[in-house]
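S.K.: Handing you this structure, nothing more for now.
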Number of protein chains: 2
Amino acid sequence: MAVDLELSPKQKRANGSPCCEPVAYPDVQREQALRMADVAKALGDPIRLQVVDVLRKHAGKVCVCELVPLFDISQPTLSHHLKKLRNAGIVDSERQGLWAYYYVIPDALEELSAWLS
Amino acid sequence: MAVDLELSPKQKRANGSPCCEPVAYPDVQREQALRMADVAKALGDPIRLQVVDVLRKHAGKVCVCELVPLFDISQPTLSHHLKKLRNAGIVDSERQGLWAYYYVIPDALEELSAWLS
DNA sequence: GTATTACATCGACAGTCGTGAGTGTTATTG
DNA sequence: CAATAACACTCACGACTGTCGATGTAATAC
């Protein structure tokens with residue numbers, strides 16, 4: 001659904017006449033926009049973005065105890081950020097004994113990434 | 001939030017079971033994380049994301065009066081979203097008489113896009 | 001001049017955010 | 001059993017968000 005819009009020269013419209021030619025609907029439909037905005041919102045915090053960066057670069061599962069010392073925030077706050085990333089569908093976790101291992105869900109960022117490219 | 005490059009070993013780890021393998025440090029340094037998180041945060045609203053989508057698809061300048069009817073929000077609310085996008089460095093605007101034309105700043109999304117890819 | 005239009009800003013509202021201190025839960029050790 | 005460690009959850013706080021209606025500002029039309 002390509003948006004082809006002609007930007008006609010604007011004049012002040014006559015009384016009662018419409019201002020502009022209607023524009024085509026956004027290519028990105030609402031559901032897709034909601035999904036991508038959710039992901040973008042979760043990445044909209046520098047700590048969460050760096051957490052995702054660490055998890056991606058590591059290409060494996062990372063223990064929370066390894067993440068805590070990387071950032072200047074308390075452990076409960078990091079736990080809160082990890083929960084946000086989980087709720088956004090970006091990461092998931094696995095419990096192994098006392099430890100929790102986090103990893104990036106494959107292709108979780110793909111839709112947003114494709115749209116941005 | 002300063003990411004220290006020193007990854008100290010866990011203290012008083014439980015006997016026998018190693019907590020985790022060493023982790024990579026965030027390649028994304030603080031400044032870059034702040035910049036990208038700002039952009040992501042601005043895209044973290046479905047309306048703003050769709051606005052950017054429309055502007056990108058046009059590869060030109062779009063009048064606000066053409067954007068208003070696309071969304072189910074009031075004109076002041078759209079103006080507020082456009083301001084957020086401006087403050088995030090994603091779009092800019094040009095006044096021509098009564099009309100304001102918005103456009104996406106070239107390469108504004110490039111850093112985030114490259115990181116996501 | 002007055003009227004009208006396009007857009008931004010203001011004021012207010014409920015809701016959400018990031019944060020830390022404190023607490024709870026669960027698994028392991030002694 | 002009790003103690004400890006890793007992690008999630010609860011609560012509270014100030015700050016910010018998205019939204020609308022009302023208002024302000026500037027340009028155009030009459």
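Residue numbers start at 1 in each chain; chains themselves are named A, B, ... in the order of the structure tokens; ligands are numbered from 1 in the order shown.
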Do a neighbour search on Leu116 of chain A at 9 Å with only C-alpha atoms (C1' of nucleotides), toss out local chain neighbours closer than 6 positions, and write the hits as an NGL selection string.

M.R.: :B and (109-110 or 112-114 or 116)

S.K.: Go through chain D and flag each residue having an atom no more than 8 Å from segment 5-26 of chain C; for those, report the closest pair of atoms plus their distance in Å to one decimal, using only C-alpha atoms (C1' of nucleotides), ordered by chain and rising number, as a tab-separated table.

M.R.:
residue	atom	partner	partner_atom	distance
D:DA8	C1'	C:DT25	C1'	7.9
D:DC9	C1'	C:DG24	C1'	7.2
D:DT10	C1'	C:DT23	C1'	7.6
D:DA15	C1'	C:DC17	C1'	7.9
D:DC16	C1'	C:DC17	C1'	6.8
D:DT17	C1'	C:DT16	C1'	6.9
D:DT23	C1'	C:DC10	C1'	7.4
D:DG24	C1'	C:DT9	C1'	7.1
D:DT25	C1'	C:DA8	C1'	8.0
D:DT28	C1'	C:DT5	C1'	7.7

S.K.: Once you count only C-alpha atoms, which residues of chain A turn out to be within 6 Å of chain B? Could you give them as a list of chain:residue names?

M.R.: A:Val23, A:Pro26, A:Ala33, A:Leu34, A:Ala37, A:Ala40, A:Lys41, A:Leu43, A:Gly44, A:Asp45, A:Pro46, A:Val54, A:His58, A:Cys63, A:Leu70, A:Phe71, A:Asp72, A:Ser113, A:Leu116

S.K.: What are the DSSP helix (DSSP H, G or I) residues of segment 21-102 of chain B, as a ChimeraX atom specification?

M.R.: /B:30-42,46-58,64-70,75-87

S.K.: Convert the current residue selection to file output with N, CA and C atoms, as a short mmCIF file (atom, residue, chain, number, x, y, z; two decimals), in the first residue's frame.

M.R.:
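New file selection.cif:
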data_model
loop_
_atom_site.label_atom_id
_atom_site.label_comp_id
_atom_site.auth_asym_id
_atom_site.auth_seq_id
_atom_site.Cartn_x
_atom_site.Cartn_y
_atom_site.Cartn_z
N ARG B 30 27.89 4.72 27.11
CA ARG B 30 26.82 5.47 27.73
C ARG B 30 26.24 6.54 26.81
N GLU B 31 27.12 7.28 26.18
CA GLU B 31 26.65 8.37 25.32
C GLU B 31 25.80 7.82 24.18
N GLN B 32 26.30 6.77 23.58
CA GLN B 32 25.56 6.19 22.47
C GLN B 32 24.24 5.61 22.96
N ALA B 33 24.28 4.98 24.12
CA ALA B 33 23.05 4.41 24.67
C ALA B 33 22.03 5.51 24.95
N LEU B 34 22.50 6.63 25.45
CA LEU B 34 21.58 7.73 25.73
C LEU B 34 20.95 8.25 24.44
N ARG B 35 21.79 8.41 23.41
CA ARG B 35 21.26 8.90 22.13
C ARG B 35 20.23 7.94 21.56
N MET B 36 20.58 6.68 21.51
CA MET B 36 19.68 5.71 20.90
C MET B 36 18.42 5.50 21.73
N ALA B 37 18.57 5.55 23.06
CA ALA B 37 17.39 5.40 23.91
C ALA B 37 16.44 6.58 23.73
N ASP B 38 17.00 7.75 23.51
CA ASP B 38 16.15 8.91 23.26
C ASP B 38 15.33 8.72 21.99
N VAL B 39 15.99 8.23 20.95
CA VAL B 39 15.27 8.00 19.70
C VAL B 39 14.22 6.91 19.89
N ALA B 40 14.62 5.83 20.55
CA ALA B 40 13.69 4.72 20.76
C ALA B 40 12.49 5.18 21.59
N LYS B 41 12.77 6.00 22.58
CA LYS B 41 11.68 6.49 23.43
C LYS B 41 10.69 7.32 22.61
N ALA B 42 11.23 8.13 21.72
CA ALA B 42 10.35 8.95 20.88
C ALA B 42 9.52 8.08 19.95
N PRO B 46 2.67 4.62 19.52
CA PRO B 46 2.18 4.19 18.20
C PRO B 46 1.84 5.35 17.27
N ILE B 47 1.34 6.43 17.81
CA ILE B 47 1.01 7.56 16.95
C ILE B 47 2.27 8.20 16.39
N ARG B 48 3.26 8.40 17.25
CA ARG B 48 4.50 8.99 16.76
C ARG B 48 5.18 8.09 15.75
N LEU B 49 5.11 6.78 16.00
CA LEU B 49 5.72 5.86 15.06
C LEU B 49 5.03 5.93 13.70
N GLN B 50 3.72 6.05 13.70
CA GLN B 50 3.00 6.15 12.43
C GLN B 50 3.24 7.48 11.75
N VAL B 51 3.39 8.54 12.56
CA VAL B 51 3.72 9.84 11.97
C VAL B 51 5.06 9.76 11.24
N VAL B 52 6.04 9.17 11.90
CA VAL B 52 7.34 9.03 11.26
C VAL B 52 7.23 8.17 10.02
N ASP B 53 6.40 7.15 10.09
CA ASP B 53 6.21 6.30 8.92
C ASP B 53 5.66 7.08 7.74
N VAL B 54 4.66 7.89 8.01
CA VAL B 54 4.07 8.71 6.93
C VAL B 54 5.11 9.66 6.36
N LEU B 55 5.84 10.32 7.24
CA LEU B 55 6.82 11.29 6.76
C LEU B 55 7.93 10.62 5.96
N ARG B 56 8.33 9.43 6.40
CA ARG B 56 9.40 8.74 5.66
C ARG B 56 8.91 8.30 4.29
N LYS B 57 7.69 7.80 4.24
CA LYS B 57 7.18 7.30 2.98
C LYS B 57 7.05 8.41 1.94
N HIS B 58 6.87 9.63 2.42
CA HIS B 58 6.69 10.71 1.47
C HIS B 58 8.00 11.29 0.97
N VAL B 64 0.98 19.75 8.47
CA VAL B 64 0.32 19.25 9.67
C VAL B 64 -1.16 19.00 9.39
N CYS B 65 -1.73 19.86 8.57
CA CYS B 65 -3.16 19.73 8.30
C CYS B 65 -3.48 18.43 7.59
N GLU B 66 -2.45 17.82 6.97
CA GLU B 66 -2.66 16.52 6.34
C GLU B 66 -2.49 15.39 7.32
N LEU B 67 -1.78 15.66 8.40
CA LEU B 67 -1.55 14.62 9.40
C LEU B 67 -2.73 14.49 10.36
N VAL B 68 -3.32 15.62 10.69
CA VAL B 68 -4.37 15.61 11.72
C VAL B 68 -5.48 14.61 11.40
N PRO B 69 -6.03 14.60 10.19
CA PRO B 69 -7.16 13.68 9.95
C PRO B 69 -6.77 12.21 9.94
N LEU B 70 -5.48 11.91 9.95
CA LEU B 70 -5.06 10.51 9.92
C LEU B 70 -5.20 9.84 11.28
N GLN B 75 -5.89 18.08 17.57
CA GLN B 75 -4.76 18.78 16.96
C GLN B 75 -3.69 19.16 18.00
N PRO B 76 -4.05 19.64 19.18
CA PRO B 76 -3.00 19.93 20.17
C PRO B 76 -2.20 18.69 20.57
N THR B 77 -2.87 17.56 20.63
CA THR B 77 -2.14 16.34 21.00
C THR B 77 -1.14 15.95 19.91
N LEU B 78 -1.57 16.09 18.66
CA LEU B 78 -0.63 15.80 17.58
C LEU B 78 0.53 16.78 17.61
N SER B 79 0.24 18.02 17.89
CA SER B 79 1.29 19.03 17.99
C SER B 79 2.29 18.64 19.09
N HIS B 80 1.76 18.10 20.16
CA HIS B 80 2.62 17.65 21.26
C HIS B 80 3.52 16.50 20.80
N HIS B 81 2.97 15.58 20.04
CA HIS B 81 3.78 14.46 19.56
C HIS B 81 4.85 14.95 18.59
N LEU B 82 4.48 15.89 17.74
CA LEU B 82 5.46 16.43 16.79
C LEU B 82 6.59 17.13 17.52
N LYS B 83 6.24 17.77 18.61
CA LYS B 83 7.29 18.43 19.40
C LYS B 83 8.26 17.40 19.99
N LYS B 84 7.69 16.30 20.44
CA LYS B 84 8.56 15.24 20.99
C LYS B 84 9.50 14.71 19.92
N LEU B 85 8.96 14.52 18.73
CA LEU B 85 9.81 14.02 17.65
C LEU B 85 10.88 15.04 17.28
N ARG B 86 10.50 16.32 17.35
CA ARG B 86 11.49 17.37 17.09
C ARG B 86 12.58 17.35 18.15
N ASN B 87 12.18 17.25 19.41
CA ASN B 87 13.16 17.27 20.50
C ASN B 87 14.08 16.05 20.45
#
